[in-house]
$ cat structure36.txt   # compact mmCIF, C-alpha atoms
# COMPACT_ATOMS: atom_id res chain seq x y z
CA MET O 11 32.75 26.86 -40.18
CA LYS O 12 34.33 29.72 -38.24
CA ILE O 13 37.83 28.99 -39.53
CA ILE O 14 36.68 29.13 -43.15
CA LYS O 15 34.88 32.38 -42.45
CA ASN O 16 37.97 33.87 -40.81
CA THR O 17 40.24 32.86 -43.68
CA LYS O 18 38.06 34.94 -45.98
CA ASN O 19 39.03 38.00 -43.93
CA VAL O 20 42.68 37.53 -44.90
CA THR O 21 43.92 39.43 -47.95
CA TRP O 22 45.77 36.47 -49.43
CA ILE O 23 46.98 38.41 -52.46
CA ASN O 24 48.85 40.80 -50.16
CA THR O 25 50.34 37.84 -48.30
CA GLY O 26 51.58 36.39 -51.58
CA LEU O 27 52.95 39.71 -52.77
CA PHE O 28 54.74 40.18 -49.46
CA TYR O 29 56.38 36.76 -49.79
CA ILE O 30 57.53 37.57 -53.32
CA LEU O 31 58.92 40.89 -52.06
CA ALA O 32 60.66 39.20 -49.11
CA CYS O 33 62.24 36.53 -51.30
CA GLY O 34 63.22 39.05 -53.98
CA LEU O 35 64.94 41.37 -51.50
CA THR O 36 66.61 38.41 -49.80
CA TYR O 37 68.07 37.28 -53.13
CA LEU O 38 69.36 40.79 -53.81
CA PHE O 39 70.77 41.38 -50.33
CA VAL O 40 72.71 38.11 -50.19
CA GLN O 41 74.56 39.25 -53.32
CA LEU O 42 75.85 42.29 -51.42
CA PRO O 43 79.02 42.36 -49.29
CA ASN O 44 78.52 41.12 -45.73
CA LEU O 45 77.15 44.28 -44.11
CA ILE O 46 77.80 43.29 -40.49
CA GLU O 47 81.39 42.50 -41.38
CA LYS O 48 81.92 46.20 -42.10
CA ILE O 49 80.85 46.99 -38.52
CA TRP O 50 82.22 43.92 -36.78
CA GLU O 51 85.86 44.02 -37.93
CA PRO O 52 86.71 47.56 -36.69
CA ILE O 53 85.16 46.84 -33.27
CA PHE O 54 86.39 43.30 -32.55
CA GLY O 55 89.44 43.07 -34.82
CA PHE O 56 88.29 40.04 -36.81
CA ASN O 57 85.69 39.26 -39.44
CA ALA O 58 82.18 38.14 -38.53
CA ASN O 59 81.58 34.48 -39.38
CA PHE O 60 77.91 35.08 -40.11
CA SER O 61 75.76 37.49 -42.08
CA TRP O 62 72.81 39.74 -41.30
CA ASN O 63 72.07 40.54 -44.95
CA HIS O 64 69.07 38.24 -45.33
CA GLY O 65 67.62 39.41 -42.02
CA ILE O 66 67.97 43.05 -43.05
CA ALA O 67 66.22 42.17 -46.32
CA LEU O 68 63.21 40.86 -44.39
CA LEU O 69 63.15 43.94 -42.16
CA VAL O 70 63.09 46.20 -45.22
CA ALA O 71 60.38 44.02 -46.81
CA SER O 72 58.26 44.30 -43.66
CA ILE O 73 58.60 48.09 -43.46
CA ILE O 74 57.59 48.40 -47.12
CA ALA O 75 54.67 45.95 -46.74
CA TYR O 76 53.20 47.72 -43.71
CA ARG O 77 53.19 50.98 -45.67
CA ILE O 78 51.89 49.61 -48.96
CA PHE O 79 49.23 47.20 -47.67
CA LYS O 80 48.09 49.41 -44.77
CA VAL O 81 48.10 46.50 -42.32
CA LYS O 82 47.48 47.62 -38.74
CA ARG O 83 50.68 47.11 -36.75
CA GLU O 84 49.76 45.23 -33.57
CA THR O 85 52.94 43.19 -33.19
CA THR O 86 55.81 45.42 -32.09
CA LEU O 87 59.34 44.91 -30.78
CA LEU O 88 58.35 44.77 -27.09
CA GLY O 89 54.66 44.01 -27.48
CA LYS O 90 51.95 44.44 -24.86
CA ASN O 91 54.32 44.25 -21.90
CA PRO O 92 57.84 45.62 -22.53
CA ILE O 93 59.21 44.41 -19.18
CA PHE O 94 57.92 40.90 -19.83
CA SER O 95 59.55 40.87 -23.28
CA LEU O 96 62.89 42.16 -21.99
CA ILE O 97 62.95 39.52 -19.24
CA PHE O 98 62.05 36.88 -21.83
CA GLY O 99 65.04 37.83 -23.99
CA GLY O 100 67.28 38.38 -20.98
CA ILE O 101 66.80 34.78 -19.83
CA PHE O 102 68.28 33.54 -23.10
CA LEU O 103 71.25 35.94 -22.93
CA ILE O 104 72.01 35.32 -19.25
CA GLY O 105 71.64 31.55 -19.52
CA TYR O 106 74.11 31.09 -22.34
CA SER O 107 76.48 33.81 -21.13
CA ALA O 108 76.73 31.95 -17.82
CA ILE O 109 78.05 28.76 -19.44
CA GLY O 110 80.21 30.55 -22.03
CA PHE O 111 81.25 29.59 -25.58
CA ASN O 112 84.74 28.46 -26.52
CA ASN O 113 86.28 30.45 -29.34
CA ASP O 114 89.49 30.85 -31.35
CA PHE O 115 89.71 34.61 -30.84
CA GLY O 116 91.14 34.70 -27.33
CA ILE O 117 87.97 36.29 -25.95
CA ASN O 118 86.64 35.37 -22.53
CA THR O 119 84.17 32.49 -23.02
CA HIS O 120 81.36 34.23 -21.11
CA LEU O 121 81.86 37.53 -22.95
CA TRP O 122 81.98 35.74 -26.29
CA ALA O 123 78.77 33.85 -25.49
CA PHE O 124 77.08 37.16 -24.68
CA ILE O 125 78.35 38.82 -27.89
CA PHE O 126 77.43 35.83 -30.04
CA CYS O 127 73.95 35.42 -28.52
CA LEU O 128 73.23 39.16 -28.68
CA ALA O 129 74.26 39.25 -32.35
CA THR O 130 72.05 36.21 -32.98
CA LEU O 131 69.12 37.82 -31.17
CA ILE O 132 69.46 41.07 -33.12
CA TYR O 133 69.54 39.17 -36.40
CA ASP O 134 66.46 37.17 -35.37
CA ILE O 135 64.62 40.41 -34.58
CA PHE O 136 65.28 41.49 -38.18
CA GLU O 137 64.01 38.16 -39.51
CA GLU O 138 61.02 37.88 -37.18
CA SER O 139 59.83 41.33 -38.21
CA ALA O 140 58.55 39.45 -41.26
CA TRP O 141 57.41 35.99 -40.13
CA ARG O 142 55.99 36.84 -36.71
CA GLY O 143 55.68 40.58 -37.37
CA PHE O 144 54.00 41.52 -40.63
CA LEU O 145 52.57 38.07 -41.32
CA ASN O 146 51.26 37.74 -37.76
CA ASP O 147 49.34 41.00 -38.21
CA SER O 148 48.31 40.20 -41.78
CA LEU O 149 46.90 36.78 -40.74
CA LYS O 150 45.49 37.93 -37.40
CA SER O 151 41.95 36.72 -38.13
CA ILE O 152 42.92 33.02 -38.28
CA PRO O 153 43.87 30.71 -35.35
CA PHE O 154 47.49 30.67 -34.19
CA TRP O 155 48.01 27.04 -35.27
CA LEU O 156 46.91 27.74 -38.83
CA LYS O 157 48.95 30.92 -38.84
CA GLY O 158 51.91 28.86 -37.66
CA ILE O 159 51.47 26.28 -40.41
CA ILE O 160 51.27 28.92 -43.14
CA THR O 161 54.20 31.00 -41.90
CA GLY O 162 56.18 27.84 -41.19
CA ILE O 163 55.87 26.67 -44.80
CA LEU O 164 56.80 30.10 -46.17
CA TRP O 165 59.64 30.45 -43.66
CA GLY O 166 61.00 26.97 -44.35
CA PHE O 167 61.15 27.33 -48.14
CA TRP O 168 62.61 30.84 -47.83
CA HIS O 169 65.76 29.16 -46.51
CA LEU O 170 66.40 27.78 -49.99
CA LEU O 171 67.75 31.26 -50.75
CA ILE O 172 70.34 31.20 -47.96
CA PHE O 173 71.26 27.55 -47.28
CA ASN O 174 73.54 25.53 -49.54
CA GLY O 175 71.85 22.29 -48.57
CA PHE O 176 69.64 20.58 -46.01
CA ASP O 177 71.49 17.29 -45.54
CA GLN O 178 72.17 18.06 -41.87
CA PHE O 179 68.39 18.18 -41.32
CA GLY O 180 67.66 15.06 -43.35
CA GLY O 181 66.38 16.97 -46.38
CA ILE O 182 64.28 20.01 -47.20
CA HIS O 183 61.04 18.17 -46.29
CA ILE O 184 62.25 17.53 -42.74
CA PHE O 185 63.46 21.12 -42.41
CA VAL O 186 60.10 22.52 -43.54
CA LEU O 187 58.31 20.22 -41.07
CA LEU O 188 60.61 21.48 -38.29
CA SER O 189 59.92 25.06 -39.39
CA ILE O 190 56.18 24.45 -39.13
CA VAL O 191 56.45 23.01 -35.61
CA VAL O 192 58.62 25.86 -34.36
CA SER O 193 56.45 28.40 -36.19
CA ILE O 194 53.31 27.17 -34.43
CA ILE O 195 55.04 27.61 -31.06
CA MET O 196 56.19 31.11 -31.98
CA ALA O 197 52.78 32.00 -33.42
CA TYR O 198 51.18 31.08 -30.08
CA ALA O 199 53.72 33.09 -28.10
CA THR O 200 53.36 36.07 -30.44
CA ASP O 201 49.57 35.95 -30.24
CA LYS O 202 49.76 36.14 -26.45
CA THR O 203 52.41 38.85 -26.24
CA ASN O 204 52.42 40.73 -29.58
CA SER O 205 56.19 40.87 -29.10
CA ILE O 206 58.77 40.33 -31.83
CA LEU O 207 61.44 40.06 -29.12
CA VAL O 208 59.64 37.08 -27.58
CA ALA O 209 59.46 35.31 -30.96
CA SER O 210 63.10 36.22 -31.67
CA SER O 211 64.24 34.77 -28.34
CA ILE O 212 62.56 31.45 -29.15
CA HIS O 213 64.14 31.57 -32.61
CA ALA O 214 67.57 32.33 -31.14
CA LEU O 215 67.31 29.35 -28.80
CA MET O 216 67.57 27.12 -31.86
CA ILE O 217 71.37 27.51 -31.69
CA LEU O 218 71.07 24.67 -29.11
CA ARG O 219 74.63 24.96 -27.77
CA ASP O 220 73.71 23.40 -24.42
CA ILE O 221 70.67 21.17 -23.88
CA ASN O 222 70.45 22.00 -20.16
CA ILE O 223 70.28 25.76 -20.77
CA THR O 224 67.81 25.17 -23.59
CA ILE O 225 65.51 23.16 -21.32
CA ILE O 226 65.77 25.72 -18.52
CA CYS O 227 64.88 28.56 -20.92
CA VAL O 228 61.94 26.61 -22.34
CA VAL O 229 60.53 25.75 -18.90
CA ILE O 230 60.82 29.33 -17.63
CA TRP O 231 59.31 30.70 -20.84
CA ILE O 232 56.35 28.31 -20.68
CA ILE O 233 55.66 29.41 -17.10
CA MET O 234 55.93 33.07 -18.11
CA ILE O 235 53.51 32.68 -21.02
CA ILE O 236 51.01 30.74 -18.87
CA VAL O 237 51.15 33.44 -16.19
CA TRP O 238 50.88 36.15 -18.86
CA ASN O 239 47.83 34.42 -20.35
CA LYS O 240 46.15 34.15 -16.95
CA CYS O 241 46.78 37.84 -16.26
CA LEU O 242 45.13 38.73 -19.58
CA LEU O 243 42.13 36.52 -18.80
CA ASN O 244 41.76 38.12 -15.36
CA LYS O 245 41.86 41.61 -16.88
CA LYS O 246 39.18 40.63 -19.39
CA ARG O 247 36.96 39.24 -16.61
CA ILE O 248 37.33 42.46 -14.60
CA LYS O 249 36.51 44.61 -17.61
CA THR O 250 33.49 42.42 -18.42
CA LYS O 251 32.28 42.45 -14.80
CA TYR O 252 32.56 46.18 -14.28
CA GLY O 253 32.04 47.25 -17.87
CA ALA O 254 35.37 49.09 -17.92
$ encode --input "structure36.txt" --output "structure tokens"
Amino acid sequence: MKIIKNTKNVTWINTGLFYILACGLTYLFVQLPNLIEKIWEPIFGFNANFSWNHGIALLVASIIAYRIFKVKRETTLLGKNPIFSLIFGGIFLIGYSAIGFNNDFGINTHLWAFIFCLATLIYDIFEESAWRGFLNDSLKSIPFWLKGIITGILWGFWHLLIFNGFDQFGGIHIFVLLSIVVSIIMAYATDKTNSILVASSIHALMILRDINITIICVVIWIIMIIVWNKCLLNKKRIKTKYGA
């Protein structure tokens, strides 16, 4: 079968070593002081209520892995179409900034929503540099759905290093299943766009502060990806027809 043949083209040892490196650095980085807090407090006058440490750990792991394993970097921050990727991320930021987030800091709700969502998006870019960045390129020979299942399992269990429990999700097994489903969606989007920002925007949407904005973002994104896919198919047909 073609799938079996393609899986043989994957250097599974490197994938395993990368996961060990990613988990090892994550464990080390979460022991460090909250790095974003050192930046956040002087600017906004209060401490950040979240951490970027584990995301930075994955970014460092990805940079190291690309260099050591000599994997060709095809998935980049803005991918094949930078404007498309920026619009994709902008829809998430604009949508939630429009409704605003209540806060205890006396900050305008719309401004706070923008700050919070931008900080979330930046963190997700760090994290997705591993799951939909290095691993997407490392597993490029296999179908997106299989890639999504593999990265989803690795991604889901990685959260054992940063979550205190999974009761809110119904247990670790439910969380891993959710990770697989979302990972398949992001693997498809990343395959079409080669954009970490696109994957990060989908990841960031999981904050789910407003179901209406979430649905609007999803619908617009689906349309964008369909149109993007059709444009790619048309370009391929033209190249095939004229031998360009």
$ closest_residue --input "structure36.txt" --among "O:Leu27, O:Cys127, O:Leu103, O:Ile117" --to "Ile217 (chain O)" --atoms "only C-alpha atoms"
O:Cys127
$ closest_residue --input "structure36.txt" --among "O:Trp22, O:Phe176, O:Phe54, O:Phe144" --to "Phe115 (chain O)" --atoms "all atoms listed in the file"
O:Phe54
$ closest_atom_pairs --input "structure36.txt" --of "region 127-175 of chain O" --to "region 42-49 of chain O" --cutoff "12 Å" --atoms "all atoms listed in the file" --output "JSON lines"
{"residue": "O:Ala129", "atom": "CA", "partner": "O:Ile46", "partner_atom": "CA", "distance": 9.8}
{"residue": "O:Thr130", "atom": "CA", "partner": "O:Ile46", "partner_atom": "CA", "distance": 11.8}
{"residue": "O:Ile132", "atom": "CA", "partner": "O:Ile46", "partner_atom": "CA", "distance": 11.3}
{"residue": "O:Tyr133", "atom": "CA", "partner": "O:Ile46", "partner_atom": "CA", "distance": 10.1}
$ write_last_selection --input "structure36.txt" --atoms "C-alpha atoms" --output "CSV table (one decimal), in the coordinates of the input"
chain,number,residue,atom,x,y,z
O,129,ALA,CA,74.3,39.2,-32.4
O,130,THR,CA,72.0,36.2,-33.0
O,132,ILE,CA,69.5,41.1,-33.1
O,133,TYR,CA,69.5,39.2,-36.4
$ atom_distance --input "structure36.txt" --atom1 "CA of Ile109 (chain O)" --atom2 "CA of Val191 (chain O)"
27.6 Å
$ residues_around --input "structure36.txt" --residues "Thr203 (chain O)" --least-positions-apart "5" --cutoff "9 Å" --atoms "only C-alpha atoms" --output "PyMOL selection string"
chain O and resi 85+88-91+94-95+198+208+235+238-239
$ write_last_selection --input "structure36.txt" --atoms "C-alpha atoms" --output "PDB file, in the frame of the given file"
ATOM      1  CA  THR O  85      52.940  43.190 -33.190  1.00  0.00           C
ATOM      2  CA  LEU O  88      58.350  44.770 -27.090  1.00  0.00           C
ATOM      3  CA  GLY O  89      54.660  44.010 -27.480  1.00  0.00           C
ATOM      4  CA  LYS O  90      51.950  44.440 -24.860  1.00  0.00           C
ATOM      5  CA  ASN O  91      54.320  44.250 -21.900  1.00  0.00           C
ATOM      6  CA  PHE O  94      57.920  40.900 -19.830  1.00  0.00           C
ATOM      7  CA  SER O  95      59.550  40.870 -23.280  1.00  0.00           C
ATOM      8  CA  TYR O 198      51.180  31.080 -30.080  1.00  0.00           C
ATOM      9  CA  VAL O 208      59.640  37.080 -27.580  1.00  0.00           C
ATOM     10  CA  ILE O 235      53.510  32.680 -21.020  1.00  0.00           C
ATOM     11  CA  TRP O 238      50.880  36.150 -18.860  1.00  0.00           C
ATOM     12  CA  ASN O 239      47.830  34.420 -20.350  1.00  0.00           C
TER      13      ASN O 239
END
$ atom_distance --input "structure36.txt" --atom1 "CA of Leu31 (chain O)" --atom2 "CA of Thr161 (chain O)"
14.9 Å
$ atom_distance --input "structure36.txt" --atom1 "CA of Cys33 (chain O)" --atom2 "CA of Leu68 (chain O)"
8.2 Å
$ residues_near_point --input "structure36.txt" --point "(56.2, 39.2, -33.9)" --cutoff "6 Å" --atoms "all atoms listed in the file" --output "PyMOL selection string"
chain O and resi 85+138+142-143+200+204-206+209
$ residues_near_point --input "structure36.txt" --point "(45.4, 36.5, -37.2)" --cutoff "12 Å" --atoms "only C-alpha atoms" --output "ChimeraX atom specification"
/O:13,16-21,81-85,142-158,160-161,197-198,200-202,204
$ write_last_selection --input "structure36.txt" --atoms "C-alpha atoms" --output "compact mmCIF listing (two decimals), keeping the file's coordinate frame"
# COMPACT_ATOMS: atom_id res chain seq x y z
CA ILE O 13 37.83 28.99 -39.53
CA ASN O 16 37.97 33.87 -40.81
CA THR O 17 40.24 32.86 -43.68
CA LYS O 18 38.06 34.94 -45.98
CA ASN O 19 39.03 38.00 -43.93
CA VAL O 20 42.68 37.53 -44.90
CA THR O 21 43.92 39.43 -47.95
CA VAL O 81 48.10 46.50 -42.32
CA LYS O 82 47.48 47.62 -38.74
CA ARG O 83 50.68 47.11 -36.75
CA GLU O 84 49.76 45.23 -33.57
CA THR O 85 52.94 43.19 -33.19
CA ARG O 142 55.99 36.84 -36.71
CA GLY O 143 55.68 40.58 -37.37
CA PHE O 144 54.00 41.52 -40.63
CA LEU O 145 52.57 38.07 -41.32
CA ASN O 146 51.26 37.74 -37.76
CA ASP O 147 49.34 41.00 -38.21
CA SER O 148 48.31 40.20 -41.78
CA LEU O 149 46.90 36.78 -40.74
CA LYS O 150 45.49 37.93 -37.40
CA SER O 151 41.95 36.72 -38.13
CA ILE O 152 42.92 33.02 -38.28
CA PRO O 153 43.87 30.71 -35.35
CA PHE O 154 47.49 30.67 -34.19
CA TRP O 155 48.01 27.04 -35.27
CA LEU O 156 46.91 27.74 -38.83
CA LYS O 157 48.95 30.92 -38.84
CA GLY O 158 51.91 28.86 -37.66
CA ILE O 160 51.27 28.92 -43.14
CA THR O 161 54.20 31.00 -41.90
CA ALA O 197 52.78 32.00 -33.42
CA TYR O 198 51.18 31.08 -30.08
CA THR O 200 53.36 36.07 -30.44
CA ASP O 201 49.57 35.95 -30.24
CA LYS O 202 49.76 36.14 -26.45
CA ASN O 204 52.42 40.73 -29.58
$ closest_residue --input "structure36.txt" --among "O:Leu38, O:Glu137, O:Asp177, O:Ala199" --to "Ile73 (chain O)" --atoms "all atoms listed in the file"
O:Glu137
$ closest_residue --input "structure36.txt" --among "O:Leu218, O:Ile184, O:Leu69, O:Leu164" --to "Thr25 (chain O)" --atoms "all atoms listed in the file"
O:Leu164
$ closest_residue --input "structure36.txt" --among "O:Arg219, O:Lys15, O:His120, O:His64" --to "Asp134 (chain O)" --atoms "only C-alpha atoms"
O:His64
$ residues_around --input "structure36.txt" --residues "Thr119 (chain O)" --least-positions-apart "4" --cutoff "6 Å" --atoms "all atoms listed in the file" --output "list in words"
Gly110, Phe111 and Asn112 of chain O
$ residues_around --input "structure36.txt" --residues "Ile104 (chain O)" --least-positions-apart "2" --cutoff "12 Å" --atoms "only C-alpha atoms" --output "list in words"
Leu96, Ile97, Phe98, Gly99, Gly100, Ile101, Phe102, Tyr106, Ser107, Ala108, Ile109, Gly110, His120, Leu121, Ala123, Phe124, Ile125, Cys127, Leu128, Ser211, Ile223, Thr224, Ile226 and Cys227 of chain O
$ closest_residue --input "structure36.txt" --among "O:Ser210, O:Asn222, O:Asn24, O:Asn113" --to "Trp141 (chain O)" --atoms "all atoms listed in the file"
O:Ser210
$ residues_around --input "structure36.txt" --residues "His183 (chain O)" --least-positions-apart "4" --cutoff "12 Å" --atoms "all atoms listed in the file" --output "VMD selection string"
chain O and resid 162 to 163 166 to 167 169 to 170 175 to 179 187 to 190
